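Asker: One structure, as C-alpha cells, below. Some questions next.
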Amino acid sequence: MNIDLEEFHAAFFFEEVAEHLTGLEDGLLQLESRPEDDELIHGIFRAAHSIKGTGGALGFTEVAGFTHHVETVLDQMRQRQLSTTSERIELLLKATDALSCLIDSAKDGAAVPDNLDEIVESLRRQIDPNAEAVTTVVAVEESADGLIMFDDEPTLEAPAVAPASAGEAARSKVANYNESIRVSVAKVEELINLVGELVIANSMVQQAYASDDGDAQSLQEAIAAMDLTTQQLQEQVMAVRMMPIANVFRRFPRIVRDLASTLGKNVILETSGEETELDKQVIEEVSDPLTHLIRNAVDHGLETPAQRIAAGKSPEGRIHLRAFHEGGNVVIEIADDGAGINAQRVRQKAIDRGLIAADAVMTDEETNQLIMLPGFSTAEKITDVSGRGVGMDVVKRNVEALNGSISIRSTQGKGSCFRIRLPLTMAILDGLAMRLGNDVYVLPLLSVVESLRPEPKHIVHIAERGELVMVRGEPLPLIYTHRLFNVTGESTNPCDGLVVIVEHQGRKYGIVVDELIGQLQVVMKSLEANYERVDGVSGATILGDGRIAMIVDIAGLVRLAF
Amino acid sequence: MPDDRATDSMASAADNGQFLTFTLQNEEYGIEILKVQEIKGFSKITPIPNAPPFVRGVMNLRGTVVPIIDLRARFSMTEKDYDQFTCIIVVNVGTRVVGLVVDTVSDVLNIPNDSIADPPELASVGDSSCITGMGKLGERIVMLLDTGRLVGVEGIPADEMTAA
C-alpha cells in the first residue's frame with residue numbers, strides 16, 4: 001500500500017476544515033441572538049483556532065495567516081475587551097466567506113477573493129482603531145501550541161477576475177464538499193458481522209445441499225437464514241449512505257438572514273428534526289428546491305414588519321423548517337406565518353393564462369397546486385430575490401425526479417406550508433410487479449392503494465374523455481397503460497384483468513393491468529445512462545430471472561394520460 | 001526476422017482499419033473493431049415505452065441495462081424473424097453501451113485506407129448518412145458505418161455521440 005502522505009493529509013485537512021468552517025458560521029449566526037453567551041463565543045474561537053492550527057501545520061500559510069486575524073478579533077471578544085456588535089458579526093461572517101474561498105483556492109486553485117486585504121484591514125482596525133493602513137507585514141509569531149512559526153508574509157495575490165459574490169460561491173462549494181462519506185465504526189462493525197453471518201449461512205446451504213441425508217427441510221431453513229442475513233446486510237449497507245438532513249438545513253440560517261436584511265424584514269427561522277436521516281444522493285438533490293422554497297417564503301410568504309403589525313401580528317415573521325419520518329417516507333415542511341396564498345388571485349391568473357376553464361370547480365388544495373405549473377408567477381414585481389429563473393415548476397420537477405411529491409396548504413392571512421414527501425433512498429424501491437401483455441412492469445408500492453376486478457356495471461364511459469371506474473361510489477379515471485406506452489396488452493377490458501388503484505397527489509386513478517405478480521424489492525437502474533429519459537418510466541430493474549422490467553413513474557403516467 | 005515483422009504490423013496498423021463485418025439482407029457492413037465491446041446471441045428484450053420502432057427495447061447485460069437497436073429496422077429494410085444466426089453486437093459509443101441486432105456476424109477484416117472509397121451518392125439503404133465509406137477488398141464491398149450516428153437516437157445529438 002502506497003499512500004501519498006501529503007495528499008492524504010491535505011484531504012484530511014479539507015474535510016476537517018469544512019467542519020470547522022460550518023461551526024464558525026453557525027456560531028456567529030447564533031451569536032447575533034445570544035451575544036452574551038460565553039460558551040458560544042469560546043466555541044467559535046476554538047473553531048477559528050483549529051483552522052489556523054491545522055492550516056499552519058500542513059503548510060497552508062495563506063489560510064493560517066488570514067485566520068490569525070479572525071482569531072485575534074474573536075480572542076478580544078472572548079475576553080470582553082471588544083463588545084459583540086452586529087457590525088462585528090457581519091464583518092466576521094464576511095471573513096468566514098473569504099476564508100472559505102481561500103480554502104477552495106488552496107484545494108483546487110479556485111480564484112482568491114479580491115477583498116481579502118480589505119477584510120484584513122477592517123479586522124485590524126477592530127483591535128486598534130487608529131491603525132494606519134499599513135500594507136501588511138503579517139508576522140505571526142504567536143505559537144500557542146508550537147505549531148505555527150512563520151515570519152514571512154503570506155502571499156495573498158488578488159486575481160484579475162474574482163468571483164462576483166465570494167459568499168455565494170463559498171456557500172455552494174461547502175455543500176458539495178462531501179465526496180467521501182464518513183461512516184461510524186459501529187456501522188462498519190455491524191457490516192463485518194453481517195458478512196460473517198452471510199458466509200456461515202452460505203456454508204450451511206452448501207452443507208445441507210451436499211450431505212447425503214440432506215432433506216428439503218434443512219435446505220429450506222438454511223436458505224431462509226441466508227435470506228434474512230442478506231436483507232439485513234442490504235439495510236446496513238444502505239444505512240452507510242444515510243446522512244442527517246442537518247447537512248442541508250445548516251445552510252439556511254445564513255440564507256434567511258442575508259435575505260431578510262436585504263428585504264428589510266424580520267425573520268426568525270426555526271428548525272427541527274435535523275437528525276432525520278436521508279440518502280446522501282437525495283440530500284444533495286433536494287437542497288436546491290429547498291433553498292428555493294425558503295427564499296420564496298422569505299420573499300413572498302412573509303410580509304414586511306409594517307404590514308404584519310397592521311394585520312395584528314408580531315413584526316417578526318416565523319419560518320418553521322422541520323423534517324420527520326412518516327410511513328417509510330421523509331417529510332420536509334416549510335411553514336411560514338405570512339400572508340398565505342391568495343387563492344382567488346391564483347385562480348384568476350390561471351384563468352387569464354388559459355390554464356383552467358373559467359368555470360372550473362377546484363378545491364383550495366388544487367388551486368394552490370396551480371402555482372407549480374410552468375409559466376405561472378403571481379409575484380407582482382420580479383425582485384432580485386425571486387427573479388432567479390427557478391420557478392415553482394422546477395421545484396416540483398426536481399422533487400418528482402426524486403420520486404417525491406410536494407403539496408401546499410395555505411390559509412389566507414395565516415400563512416402557507418409546503419410539504420415535500422421524499423423516499424428514504426432512491427436506490428431501492430418497494431414495488432408491486434404486474435404483467436401487461438408479455439412484459440412485467442413494477443409499480444411503486446407506496447402509491448398503490450388497492451387492487452380489484454370491477455364488474456361491467458362499474459365502468460362508466462364518458463364520450464371522448466375516457467372511462468371511469470366506480471369504486472364504492474367513488475368515480476376514478478381509468479388509465480390504460482398499454483395504450484400510453486404503445487405496447488400490446490391483453491386486458492382491453494378491465495373486467496377481464498385487474499384494476500390497481502394508485503394515489504398521486506391526493507387523487508386516485510385506476511390502472512388497468514393483466515395480472516398481478518406480487519410484491520418485491522427492486523434495485524433501480526437508470527435508463528438514461530445508455531438511452532434517454534422515458535416519460536412514464538422512472539427507471540428499470542432486473543428481475544430474479546434476469547429479465548428487465550420497467551418501473552412505472554405514476555406522476556409521469558398521469559401526465560401522459562391527461 | 002522478428003524485427004521486420006514488428007515493423008510490418010506497425011505499418012499495417014497505421015494504414016489499415018480493422019473492421020468487424022456483419023450482414024443485413026445479404027449486404028455486408030462493417031464497424032470499427034475498437035468500438036465493439038462484445039458479441040452476444042439474441043436474448044430476451046424488454047420493450048421501452050414509446051420508443052421509436054427500431055429501438056427494440058433493453059437487454060440485461062450482466063447487470064447493465066443496454067438499449068437494443070435493430071439495424072434492419074433502423075435502415076427501413078424488410079424485417080426478418082430472429083434465428084440462431086441473429087447476433088447482438090454490443091458497441092461503446094462515448095460513455096454509452098448500445099446493442100445492435102444484425103443478421104449474422106461474419107469477419108474481422110483489415111481494410112487498407114486506400115481501399116476505402118467515399119460513400120455512394122445513392123445507397124440501397126434508407127438512411128445513408130451513417131455510411132462513412134465503402135471498403136473494397138477484391139470482389140467484396142463492405143459498407144462502413146459510423147456507430148455514433150447509427151445510435152444517435154432522438155434527443156441525443158449525433159455530433160455529441162461521435163465527439164465523445
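Letters for chains follow the order of the C-alpha cells (A, B, ...), residue numbers begin at 1 for each chain, and ligand numbers begin at 1 in the order shown.
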Contacts between chain B and chain A, please, where a residue of chain A counts if it comes within 7 Å (with only C-alpha atoms); show its shortest atom pair and distance in Å to one decimal, rows by chain and ascending number, as JSON lines.
Answerer:
```
{"residue": "A:Asp439", "atom": "CA", "partner": "B:Thr46", "partner_atom": "CA", "distance": 6.9}
{"residue": "A:Phe485", "atom": "CA", "partner": "B:Pro49", "partner_atom": "CA", "distance": 4.4}
{"residue": "A:Asn486", "atom": "CA", "partner": "B:Asn50", "partner_atom": "CA", "distance": 5.6}
{"residue": "A:Val487", "atom": "CA", "partner": "B:Pro49", "partner_atom": "CA", "distance": 6.9}
{"residue": "A:Leu527", "atom": "CA", "partner": "B:Val65", "partner_atom": "CA", "distance": 6.8}
{"residue": "A:Ala529", "atom": "CA", "partner": "B:Arg96", "partner_atom": "CA", "distance": 6.7}
{"residue": "A:Asn530", "atom": "CA", "partner": "B:Arg96", "partner_atom": "CA", "distance": 4.7}
{"residue": "A:Tyr531", "atom": "CA", "partner": "B:Pro67", "partner_atom": "CA", "distance": 6.3}
{"residue": "A:Gly546", "atom": "CA", "partner": "B:Asn60", "partner_atom": "CA", "distance": 6.8}
{"residue": "A:Arg547", "atom": "CA", "partner": "B:Asn60", "partner_atom": "CA", "distance": 6.5}
{"residue": "A:Ile548", "atom": "CA", "partner": "B:Thr46", "partner_atom": "CA", "distance": 6.0}
{"residue": "A:Ala549", "atom": "CA", "partner": "B:Thr46", "partner_atom": "CA", "distance": 6.9}
```
Asker: Please produce an output containing C-alpha atoms for each residue in the selection, written as a PDB file, in the first residue's frame.
Answerer:
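Contents of the output file out-v1.pdb:
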```pdb
ATOM      1  CA  ASP A 439     -43.960  -7.851 -20.124  1.00  0.00           C
ATOM      2  CA  PHE A 485     -46.838   3.013 -23.606  1.00  0.00           C
ATOM      3  CA  ASN A 486     -47.633   1.746 -27.089  1.00  0.00           C
ATOM      4  CA  VAL A 487     -47.164  -1.889 -26.145  1.00  0.00           C
ATOM      5  CA  LEU A 527     -32.390   4.134 -18.386  1.00  0.00           C
ATOM      6  CA  ALA A 529     -27.217   6.008 -18.636  1.00  0.00           C
ATOM      7  CA  ASN A 530     -27.338   4.281 -22.017  1.00  0.00           C
ATOM      8  CA  TYR A 531     -30.542   5.538 -23.558  1.00  0.00           C
ATOM      9  CA  GLY A 546     -32.561 -11.899 -15.371  1.00  0.00           C
ATOM     10  CA  ARG A 547     -35.209 -10.097 -17.365  1.00  0.00           C
ATOM     11  CA  ILE A 548     -35.582  -6.352 -17.252  1.00  0.00           C
ATOM     12  CA  ALA A 549     -38.762  -4.722 -16.008  1.00  0.00           C
TER      13      ALA A 549
END
```
Asker: For A:Val298, find every residue with an atom within 12 Å (counting only C-alpha atoms), except residues of its own chain fewer than 5 positions away, and show them as a PyMOL selection string.
Answerer: chain A and resi 252-253+255-269+291-293+303-304+316-320+334-340+385-386+415-416
Asker: Extract the full set of alpha helix (DSSP H) residues from stretch 328-490 of chain A according to DSSP on the backbone, and format it as an MDAnalysis selection string.
Answerer: chainID A and resid 343:352 364:369 392:401 481:485
Asker: Using DSSP on the backbone, list every residue of stretch 36-145 of chain B that comes out as strand (DSSP E or B), and give them as an MDAnalysis selection string.
Answerer: chainID B and resid 36:41 46 55:61 64:70 87:93 96:102 104:112 116:117 131:137 140:145
Asker: What does the distance between atom CA of A:Val185 and atom CA of A:Ala18 come to in Å, to one decimal place?
Answerer: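 Spanning atom CA of A:Val185 to atom CA of A:Ala18 is a straight-line distance of 21.1 Å.
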Asker: I want to know what sits within 12 Å of B:Thr147, based on only C-alpha atoms, with residues of the same chain fewer than 2 positions away left out; could you give that as a PyMOL selection string?
Answerer: chain B and resi 19-20+29-36+69+71+89-94+96-100+129-132+144-145+149-153+158-159+161-164
Asker: Could the residues in this selection be written to a file with N, CA and C atoms, as a compact mmCIF listing (two decimals), in the first residue's frame?
Answerer:
```txt
# COMPACT_ATOMS: atom_id res chain seq x y z
N PHE B 19 -12.01 -3.84 -39.07
CA PHE B 19 -13.46 -3.71 -39.02
C PHE B 19 -14.10 -5.06 -38.71
N LEU B 20 -15.15 -5.00 -37.91
CA LEU B 20 -15.97 -6.18 -37.70
C LEU B 20 -17.08 -6.11 -38.75
N TYR B 29 -21.70 -5.13 -44.05
CA TYR B 29 -21.41 -3.85 -43.40
C TYR B 29 -20.25 -4.03 -42.44
N GLY B 30 -19.61 -2.95 -42.10
CA GLY B 30 -18.51 -3.06 -41.14
C GLY B 30 -18.52 -1.90 -40.15
N ILE B 31 -18.12 -2.20 -38.93
CA ILE B 31 -17.92 -1.11 -37.96
C ILE B 31 -16.54 -1.27 -37.35
N GLU B 32 -15.97 -0.16 -36.95
CA GLU B 32 -14.64 -0.13 -36.37
C GLU B 32 -14.56 -1.11 -35.22
N ILE B 33 -13.54 -1.95 -35.23
CA ILE B 33 -13.48 -3.00 -34.23
C ILE B 33 -13.26 -2.43 -32.82
N LEU B 34 -12.62 -1.29 -32.75
CA LEU B 34 -12.32 -0.73 -31.43
C LEU B 34 -13.57 -0.27 -30.69
N LYS B 35 -14.67 -0.08 -31.44
CA LYS B 35 -15.91 0.34 -30.80
C LYS B 35 -16.68 -0.86 -30.24
N VAL B 36 -16.27 -2.06 -30.66
CA VAL B 36 -17.05 -3.24 -30.31
C VAL B 36 -16.63 -3.75 -28.94
N ILE B 69 -30.84 -1.76 -30.65
CA ILE B 69 -31.32 -1.18 -31.90
C ILE B 69 -31.29 -2.26 -32.98
N LEU B 71 -30.89 -3.10 -36.59
CA LEU B 71 -30.34 -2.36 -37.72
C LEU B 71 -31.19 -2.48 -38.98
N ILE B 89 -24.44 -7.09 -31.54
CA ILE B 89 -23.10 -6.55 -31.38
C ILE B 89 -23.19 -5.42 -30.36
N VAL B 90 -22.48 -5.59 -29.26
CA VAL B 90 -22.53 -4.57 -28.21
C VAL B 90 -21.40 -3.58 -28.48
N VAL B 91 -21.77 -2.32 -28.70
CA VAL B 91 -20.76 -1.31 -29.02
C VAL B 91 -20.71 -0.24 -27.93
N ASN B 92 -19.56 0.38 -27.81
CA ASN B 92 -19.40 1.52 -26.91
C ASN B 92 -19.39 2.79 -27.72
N VAL B 93 -20.32 3.67 -27.40
CA VAL B 93 -20.35 4.96 -28.08
C VAL B 93 -20.24 6.02 -27.00
N GLY B 94 -19.08 6.64 -26.95
CA GLY B 94 -18.86 7.56 -25.83
C GLY B 94 -18.95 6.78 -24.54
N ARG B 96 -21.76 5.49 -23.54
CA ARG B 96 -22.94 4.64 -23.63
C ARG B 96 -22.60 3.26 -24.16
N VAL B 97 -23.42 2.31 -23.75
CA VAL B 97 -23.30 0.95 -24.26
C VAL B 97 -24.61 0.65 -24.99
N VAL B 98 -24.50 0.25 -26.25
CA VAL B 98 -25.69 0.02 -27.05
C VAL B 98 -25.52 -1.30 -27.80
N GLY B 99 -26.60 -2.05 -27.96
CA GLY B 99 -26.56 -3.30 -28.71
C GLY B 99 -27.18 -3.13 -30.08
N LEU B 100 -26.56 -3.74 -31.11
CA LEU B 100 -27.08 -3.65 -32.47
C LEU B 100 -27.47 -5.05 -32.94
N SER B 129 -26.74 8.38 -44.23
CA SER B 129 -25.86 9.31 -43.54
C SER B 129 -24.94 8.61 -42.54
N CYS B 130 -25.26 7.36 -42.20
CA CYS B 130 -24.42 6.63 -41.26
C CYS B 130 -23.21 6.01 -41.93
N ILE B 131 -23.23 5.99 -43.29
CA ILE B 131 -22.15 5.31 -44.01
C ILE B 131 -20.98 6.27 -44.17
N THR B 132 -19.83 5.86 -43.68
CA THR B 132 -18.67 6.75 -43.78
C THR B 132 -17.81 6.41 -44.99
N LEU B 144 -19.01 0.81 -44.61
CA LEU B 144 -18.51 1.09 -43.27
C LEU B 144 -19.42 2.10 -42.57
N LEU B 145 -19.80 1.74 -41.36
CA LEU B 145 -20.79 2.55 -40.65
C LEU B 145 -20.16 3.31 -39.50
N ARG B 149 -23.35 7.92 -35.27
CA ARG B 149 -24.56 8.37 -35.96
C ARG B 149 -25.62 7.28 -35.99
N LEU B 150 -25.15 6.03 -35.97
CA LEU B 150 -26.08 4.90 -36.02
C LEU B 150 -27.00 4.89 -34.80
N VAL B 151 -26.44 5.17 -33.63
CA VAL B 151 -27.24 5.08 -32.42
C VAL B 151 -27.74 6.44 -31.99
N GLY B 152 -27.48 7.47 -32.79
CA GLY B 152 -27.93 8.81 -32.43
C GLY B 152 -29.45 8.86 -32.44
N VAL B 153 -30.02 8.32 -31.39
CA VAL B 153 -31.48 8.30 -31.31
C VAL B 153 -31.98 9.69 -30.99
N ALA B 158 -26.40 13.80 -32.73
CA ALA B 158 -25.48 12.84 -33.33
C ALA B 158 -24.03 13.28 -33.12
N ASP B 159 -23.77 14.59 -33.20
CA ASP B 159 -22.36 15.00 -33.11
C ASP B 159 -21.81 14.82 -31.71
N MET B 161 -22.52 12.32 -29.86
CA MET B 161 -22.19 10.91 -29.77
C MET B 161 -20.87 10.61 -30.47
N THR B 162 -20.63 11.25 -31.62
CA THR B 162 -19.40 10.96 -32.34
C THR B 162 -18.21 11.61 -31.65
N ALA B 163 -18.47 12.78 -31.10
CA ALA B 163 -17.36 13.50 -30.47
C ALA B 163 -16.88 12.78 -29.22
N ALA B 164 -17.81 12.18 -28.51
CA ALA B 164 -17.46 11.56 -27.24
C ALA B 164 -16.52 10.38 -27.41
```
Asker: Between atom CA of A:Asn403 and atom CA of A:Cys417, measure the distance and give it in Å to one decimal.
Answerer: 20.1 Å
Asker: Between atom CA of A:Leu91 and atom CA of A:Thr22, what distance in Å does the model show, to one decimal?
Answerer: 16.2 Å
Asker: Could you list, as a ChimeraX atom specification, every residue within 10 Å of stretch 493-499 of chain A, counting only C-alpha atoms and ignoring same-chain residues fewer than 3 positions away?
Answerer: /A:434-436,450-459,469,478-480,490,502,509-516
Asker: Using only C-alpha atoms, which of B:Gly17, B:Glu38, B:Thr23, B:Asp146 sits nearest B:Ile116?
Answerer: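 Nearest to B:Ile116: B:Gly17.
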